Amino acid sequence: MQRCEYNNCNHQVENGQHLCLFHSNTKSKRGDEFLVEFLKHFSTDKNCRGFIFLDSYNISFNNDEIIGIIDFTGAVFHHQFTIRELRLKGQIILNNITALTGVSITHINLAGYYVPRSPPTHGAIYIHQSKLAAFVLWHAEFDANASIHASGSKFENRLDFKYIKGGSIIGLQFSSFSNLDYEQNETVRLFCHECTFNQKITFKKLISSIEINGGDFRGTTRMEIDSVQAGGVTFKNAEFPSTAHILVSNIEVGHIEFLHVIFPAYKTKFENIRNANDGLLVDFKYSNLNKVIFDNSNILNIGLYKSEFRDSIFLNNDWGKGKSKYKLREHVHIGNNQVPSKQIEEMYSQLRSSFDQMKKHKEAGEFYFHENELARRRLLKEGEYLKSIIYLINRVFLGYNQRISHSLFWFFFALIAYTTYSLALGLSIESNVINLTSLIEYANSGQLSLLISSLTSAFVFSLINILPVSWLKETVMNKVHIVDSGIYVILLSMVYSLFTIGMLSSFVTGIRRMFKRH
């Protein structure tokens, strides 16, 4: 290690190395003023390492410009150390440092500037193999070539990035953080690879993009993502501990992606995820969402493809309107995406299971309807015509047992059709034969009472023919019967009876589901 060649530097030799101790009581000038002059000189001097800062310093450069390197390699900061109001073309290097209280850099302008050195460092701010109680970077502006690079470091109490502008990259690798706070940074891409997160993570008012890949969240107690205004957030290959609380809220623009992520049950909540155009805001892929809560959100803004959400909890959400009612976004955009129909069917099956567990059987029935409708269309495309026809019959007549209006319509349709058919053949009512012609004559002659009486008897006859109630049927049949009682009439009556019984059964099932919903 080289000797620090500068006046007022209190030298000390430890383990054969020359160290430079700074203490306000040993300087002729006030400590902060001295350090400003020292760092200006130091940035253009040869590398001089091994600083020990015994006091706290708040150093302002008054927006003076420095070209070169400010290298704190091996430094020890006993108290808070702050650099502010600096315009730097070069690098600030925090390599193998120890900050017992913390380091803050605020109100700075960093420009990319090549400084030849060996070994090479990356970024305008370079932090490597260091241990800091806290690191704060506020109100920083980068040019397109400037960036922050941190690797193999430990931030014990706080890592704080706020109000950063410019086309820079914050690259964090193999580092450990406690209380990461990342807020309102413009066009700055945060990339964190194989990082360890402890205590609280906060992302607020995001205008930039964030990617966290392979993080260790075992020490995480809480994570909040609030108000993504642009850009995007990506989490890959992450598992949060069961004790952590996760809150993602107030997302109206931007894009958040969770890929291979496992969330803690009952302690994860996504709320106020919505915008007016049904764009994709939060996208889950291959993630575990069991016992995760979705509240006050538009489900069309959420992608659930290939994720596990059979036991998710859905509260007070919007499920589309009109033709999109109770449809997943993957279903609404089925022609525009690569999601196979069978996968969407499985997604509806999961939703149905989730809502049945929550006793929301009406919504569960809607998902069951869409699941079967997709299956019908898929079978038709696959050439499974017989199965597709069976699904079609179920849909038309029963609404997959989810539409009581279908069964009710076809019941009355069959009742009217059978009554009309009976009148066409002729009904004997107490030895008087009535048919369609006689009904028309009653109507034309104004014999309304006779017309109503005849129609009532005809409909009662049709109703009685639904069920084989022998005593009632025999009583009525002695007074009312079809004039022509050939074999085809008997067969038709049997078909009519079976069909109407099926419609009534479907109707009763639907009514039971309605009462069960409450």
# chains A, B, ... in the order shown; residues from 1 in each chain; ligands from 1
$ residues_around --residues "stretch 142-148 of chain A" --least-positions-apart "3" --cutoff "8 Å" --atoms "only C-alpha atoms" --output "PyMOL selection string"
chain A and resi 109-113+122-126+164-171
$ select_by_dssp --residues "stretch 265-509 of chain A" --states "strand (DSSP E or B)" --output "PyMOL selection string"
chain A and resi 268-273+282-285+288+293-295+298+302-303+308+313-315+318+427-429+432-434+480-482
$ atom_distance --atom1 "atom CA of A:Asn432" --atom2 "atom CA of A:Ile487"
22.9 Å
$ residues_around --residues "A:Leu300" --least-positions-apart "2" --cutoff "9 Å" --atoms "only C-alpha atoms" --output "list in words"
Arg274, Asp278, Gly279, Leu280, Ser297, Asn298, Ile302, Gly303, Asp318, Trp319, Gly320, Ser324, Lys327, Leu328, Arg329, Glu330 and Val332 of chain A
$ closest_residue --among "A:Phe203, A:Phe61, A:Phe77, A:Tyr421" --to "A:Ser249" --atoms "only C-alpha atoms"
A:Phe203
$ atom_distance --atom1 "atom CA of A:Ser454" --atom2 "atom CA of A:Ile490"
22.1 Å
$ closest_residue --among "A:Leu259, A:Leu206, A:Ile273, A:Leu415" --to "A:Phe235" --atoms "only C-alpha atoms"
A:Leu259
$ residues_around --residues "A:Asp226" --least-positions-apart "3" --cutoff "9 Å" --atoms "only C-alpha atoms" --output "CSV table (one decimal) with all heavy atoms, in the first residue's frame"
chain,number,residue,atom,x,y,z
A,202,THR,N,-39.0,-2.2,0.0
A,202,THR,CA,-40.0,-1.3,-0.5
A,202,THR,C,-39.7,-0.7,-1.8
A,202,THR,O,-38.6,-0.2,-2.1
A,202,THR,CB,-40.1,-0.1,0.5
A,202,THR,OG1,-40.4,-0.6,1.8
A,202,THR,CG2,-41.3,0.9,0.1
A,203,PHE,N,-40.7,-0.9,-2.8
A,203,PHE,CA,-40.6,-0.2,-4.1
A,203,PHE,C,-41.8,0.7,-4.2
A,203,PHE,O,-42.9,0.2,-4.2
A,203,PHE,CB,-40.6,-1.3,-5.2
A,203,PHE,CG,-39.4,-2.3,-5.1
A,203,PHE,CD1,-39.7,-3.6,-4.9
A,203,PHE,CD2,-38.1,-1.8,-5.3
A,203,PHE,CE1,-38.6,-4.5,-4.9
A,203,PHE,CE2,-37.1,-2.7,-5.2
A,203,PHE,CZ,-37.3,-4.1,-5.0
A,204,LYS,N,-41.5,2.0,-4.4
A,204,LYS,CA,-42.7,2.9,-4.4
A,204,LYS,C,-42.5,3.9,-5.6
A,204,LYS,O,-41.4,4.3,-5.9
A,204,LYS,CB,-42.8,3.7,-3.1
A,204,LYS,CG,-43.3,2.9,-2.0
A,204,LYS,CD,-43.6,3.8,-0.8
A,204,LYS,CE,-44.3,3.0,0.4
A,204,LYS,NZ,-44.6,3.9,1.5
A,205,LYS,N,-43.6,4.2,-6.2
A,205,LYS,CA,-43.7,5.2,-7.3
A,205,LYS,C,-42.6,4.9,-8.4
A,205,LYS,O,-41.8,5.7,-8.7
A,205,LYS,CB,-43.5,6.6,-6.8
A,205,LYS,CG,-44.6,7.0,-5.8
A,205,LYS,CD,-44.5,8.4,-5.3
A,205,LYS,CE,-45.6,8.8,-4.4
A,205,LYS,NZ,-45.5,10.1,-3.8
A,206,LEU,N,-42.6,3.7,-8.9
A,206,LEU,CA,-41.5,3.2,-9.8
A,206,LEU,C,-41.8,3.8,-11.2
A,206,LEU,O,-42.8,3.7,-11.8
A,206,LEU,CB,-41.5,1.7,-9.9
A,206,LEU,CG,-41.2,1.0,-8.5
A,206,LEU,CD1,-41.3,-0.5,-8.7
A,206,LEU,CD2,-39.8,1.4,-8.1
A,247,LEU,N,-47.2,-7.1,0.0
A,247,LEU,CA,-48.3,-6.3,-0.4
A,247,LEU,C,-48.0,-5.6,-1.7
A,247,LEU,O,-47.0,-4.9,-1.8
A,247,LEU,CB,-48.6,-5.2,0.6
A,247,LEU,CG,-49.7,-4.2,0.3
A,247,LEU,CD1,-51.0,-4.8,0.0
A,247,LEU,CD2,-49.8,-3.1,1.3
A,248,VAL,N,-48.8,-5.9,-2.8
A,248,VAL,CA,-48.6,-5.2,-4.1
A,248,VAL,C,-49.9,-4.5,-4.3
A,248,VAL,O,-51.0,-5.0,-4.4
A,248,VAL,CB,-48.4,-6.3,-5.2
A,248,VAL,CG1,-48.2,-5.6,-6.5
A,248,VAL,CG2,-47.1,-7.1,-4.9
A,249,SER,N,-49.8,-3.1,-4.4
A,249,SER,CA,-51.0,-2.3,-4.5
A,249,SER,C,-50.9,-1.1,-5.4
A,249,SER,O,-49.8,-0.7,-5.7
A,249,SER,CB,-51.3,-1.8,-3.0
A,249,SER,OG,-50.3,-1.0,-2.5
A,250,ASN,N,-52.1,-0.6,-5.8
A,250,ASN,CA,-52.2,0.6,-6.6
A,250,ASN,C,-51.4,0.6,-7.9
A,250,ASN,O,-50.6,1.5,-8.2
A,250,ASN,CB,-51.7,1.8,-5.7
A,250,ASN,CG,-52.5,1.9,-4.4
A,250,ASN,OD1,-53.7,1.8,-4.4
A,250,ASN,ND2,-51.8,2.1,-3.3
A,251,ILE,N,-51.6,-0.5,-8.6
A,251,ILE,CA,-50.9,-0.7,-9.9
A,251,ILE,C,-51.9,-0.3,-11.0
A,251,ILE,O,-52.9,-1.0,-11.2
A,251,ILE,CB,-50.4,-2.1,-10.1
A,251,ILE,CG1,-49.6,-2.6,-8.8
A,251,ILE,CG2,-49.5,-2.2,-11.3
A,251,ILE,CD1,-48.4,-1.7,-8.5
$ residues_around --residues "A:Gly215" --least-positions-apart "6" --cutoff "8 Å" --atoms "only C-alpha atoms" --output "VMD selection string"
chain A and resid 192 to 197 236 to 238
$ atom_distance --atom1 "atom CA of A:Gly102" --atom2 "atom CA of A:Glu239"
29.4 Å
$ residues_around --residues "A:Arg376" --least-positions-apart "5" --cutoff "10 Å" --atoms "only C-alpha atoms" --output "short mmCIF file (atom, residue, chain, number, x, y, z; two decimals) with C-alpha atoms, in the first residue's frame"
data_model
loop_
_atom_site.label_atom_id
_atom_site.label_comp_id
_atom_site.auth_asym_id
_atom_site.auth_seq_id
_atom_site.Cartn_x
_atom_site.Cartn_y
_atom_site.Cartn_z
CA HIS A 370 -66.63 -21.31 -19.46
CA GLU A 371 -64.54 -24.41 -18.76
CA LYS A 381 -61.30 -28.53 -33.57
CA GLU A 382 -59.63 -31.82 -32.62
CA GLU A 384 -63.92 -35.33 -31.56
CA TYR A 385 -67.33 -34.67 -33.08
CA LYS A 387 -68.03 -35.62 -27.68
CA SER A 388 -68.44 -32.12 -29.02
CA ILE A 389 -72.12 -32.81 -29.86
CA ILE A 390 -72.73 -34.13 -26.34
CA TYR A 391 -71.24 -30.90 -24.92
CA LEU A 392 -73.40 -28.88 -27.34
CA ARG A 395 -75.04 -26.37 -23.34
#
$ select_by_dssp --residues "stretch 272-488 of chain A" --states "helix (DSSP H, G or I)" --output "PyMOL selection string"
chain A and resi 299-301+322-324+329-332+341-357+361-381+385-401+404-425+436-445+448-464+470-477+487-488
$ residues_around --residues "A:Phe155" --least-positions-apart "2" --cutoff "8 Å" --atoms "only C-alpha atoms" --output "list of chain:residue names"
A:Lys131, A:Leu132, A:Ala133, A:Ala134, A:Phe135, A:Ser153, A:Asn157, A:Arg158, A:Leu159, A:Ser175, A:Ser176, A:Phe177, A:Ser178
$ write_last_selection --atoms "all heavy atoms" --output "compact mmCIF listing (two decimals), in the first residue's frame"
# COMPACT_ATOMS: atom_id res chain seq x y z
N LYS A 131 -18.54 -3.77 3.87
CA LYS A 131 -19.52 -3.96 4.93
C LYS A 131 -19.96 -2.58 5.41
O LYS A 131 -19.17 -1.83 5.98
CB LYS A 131 -18.91 -4.76 6.08
CG LYS A 131 -19.90 -5.06 7.20
CD LYS A 131 -19.24 -5.91 8.29
CE LYS A 131 -20.20 -6.22 9.42
NZ LYS A 131 -19.57 -7.03 10.48
N LEU A 132 -21.24 -2.26 5.14
CA LEU A 132 -21.75 -0.94 5.48
C LEU A 132 -23.00 -1.09 6.35
O LEU A 132 -23.87 -1.92 6.06
CB LEU A 132 -22.12 -0.13 4.24
CG LEU A 132 -21.00 0.20 3.24
CD1 LEU A 132 -20.81 -0.90 2.23
CD2 LEU A 132 -21.33 1.50 2.52
N ALA A 133 -23.05 -0.29 7.40
CA ALA A 133 -24.27 -0.26 8.19
C ALA A 133 -25.42 0.28 7.34
O ALA A 133 -26.55 -0.19 7.43
CB ALA A 133 -24.08 0.59 9.43
N ALA A 134 -25.11 1.25 6.46
CA ALA A 134 -26.13 1.82 5.59
C ALA A 134 -25.45 2.45 4.38
O ALA A 134 -24.32 2.92 4.46
CB ALA A 134 -26.97 2.86 6.33
N PHE A 135 -26.18 2.46 3.26
CA PHE A 135 -25.72 3.18 2.08
C PHE A 135 -26.92 3.90 1.50
O PHE A 135 -27.95 3.30 1.22
CB PHE A 135 -25.12 2.23 1.05
CG PHE A 135 -24.61 2.94 -0.18
CD1 PHE A 135 -23.40 3.62 -0.13
CD2 PHE A 135 -25.34 2.94 -1.35
CE1 PHE A 135 -22.92 4.28 -1.26
CE2 PHE A 135 -24.88 3.61 -2.47
CZ PHE A 135 -23.67 4.28 -2.43
N SER A 153 -21.11 -7.48 -1.20
CA SER A 153 -21.09 -6.55 -0.06
C SER A 153 -22.29 -6.80 0.85
O SER A 153 -23.26 -7.46 0.47
CB SER A 153 -21.10 -5.11 -0.56
OG SER A 153 -19.93 -4.83 -1.31
N ASN A 157 -28.16 -2.37 7.74
CA ASN A 157 -29.35 -1.71 8.27
C ASN A 157 -30.22 -1.05 7.21
O ASN A 157 -31.43 -0.97 7.37
CB ASN A 157 -28.96 -0.66 9.32
CG ASN A 157 -28.28 -1.27 10.52
OD1 ASN A 157 -28.62 -2.37 10.94
ND2 ASN A 157 -27.30 -0.57 11.07
N ARG A 158 -29.60 -0.59 6.12
CA ARG A 158 -30.40 0.19 5.18
C ARG A 158 -29.67 0.34 3.85
O ARG A 158 -28.47 0.62 3.81
CB ARG A 158 -30.64 1.58 5.79
CG ARG A 158 -31.49 2.52 4.95
CD ARG A 158 -31.56 3.87 5.64
NE ARG A 158 -32.29 4.86 4.90
CZ ARG A 158 -32.24 6.17 5.12
NH1 ARG A 158 -31.49 6.62 6.10
NH2 ARG A 158 -32.93 7.02 4.40
N LEU A 159 -30.41 0.12 2.77
CA LEU A 159 -29.92 0.41 1.42
C LEU A 159 -31.00 1.23 0.75
O LEU A 159 -32.11 0.75 0.54
CB LEU A 159 -29.66 -0.88 0.64
CG LEU A 159 -29.15 -0.71 -0.79
CD1 LEU A 159 -27.80 -0.01 -0.79
CD2 LEU A 159 -29.04 -2.06 -1.49
N SER A 175 -24.88 -9.81 -3.01
CA SER A 175 -24.80 -8.91 -1.86
C SER A 175 -25.98 -9.14 -0.93
O SER A 175 -26.99 -9.75 -1.30
CB SER A 175 -24.75 -7.46 -2.32
OG SER A 175 -23.56 -7.20 -3.06
N SER A 176 -25.85 -8.64 0.29
CA SER A 176 -26.87 -8.82 1.30
C SER A 176 -27.39 -7.46 1.74
O SER A 176 -26.60 -6.54 2.00
CB SER A 176 -26.28 -9.58 2.50
OG SER A 176 -27.20 -9.64 3.55
N PHE A 177 -28.72 -7.33 1.81
CA PHE A 177 -29.34 -6.05 2.15
C PHE A 177 -30.32 -6.21 3.30
O PHE A 177 -30.99 -7.22 3.43
CB PHE A 177 -30.09 -5.47 0.95
CG PHE A 177 -29.36 -5.57 -0.34
CD1 PHE A 177 -29.79 -6.44 -1.32
CD2 PHE A 177 -28.23 -4.82 -0.57
CE1 PHE A 177 -29.11 -6.55 -2.52
CE2 PHE A 177 -27.55 -4.92 -1.76
CZ PHE A 177 -27.98 -5.78 -2.74
N SER A 178 -30.43 -5.17 4.08
CA SER A 178 -31.50 -5.04 5.06
C SER A 178 -32.23 -3.74 4.79
O SER A 178 -31.59 -2.70 4.57
CB SER A 178 -30.94 -5.05 6.48
OG SER A 178 -30.36 -6.30 6.78
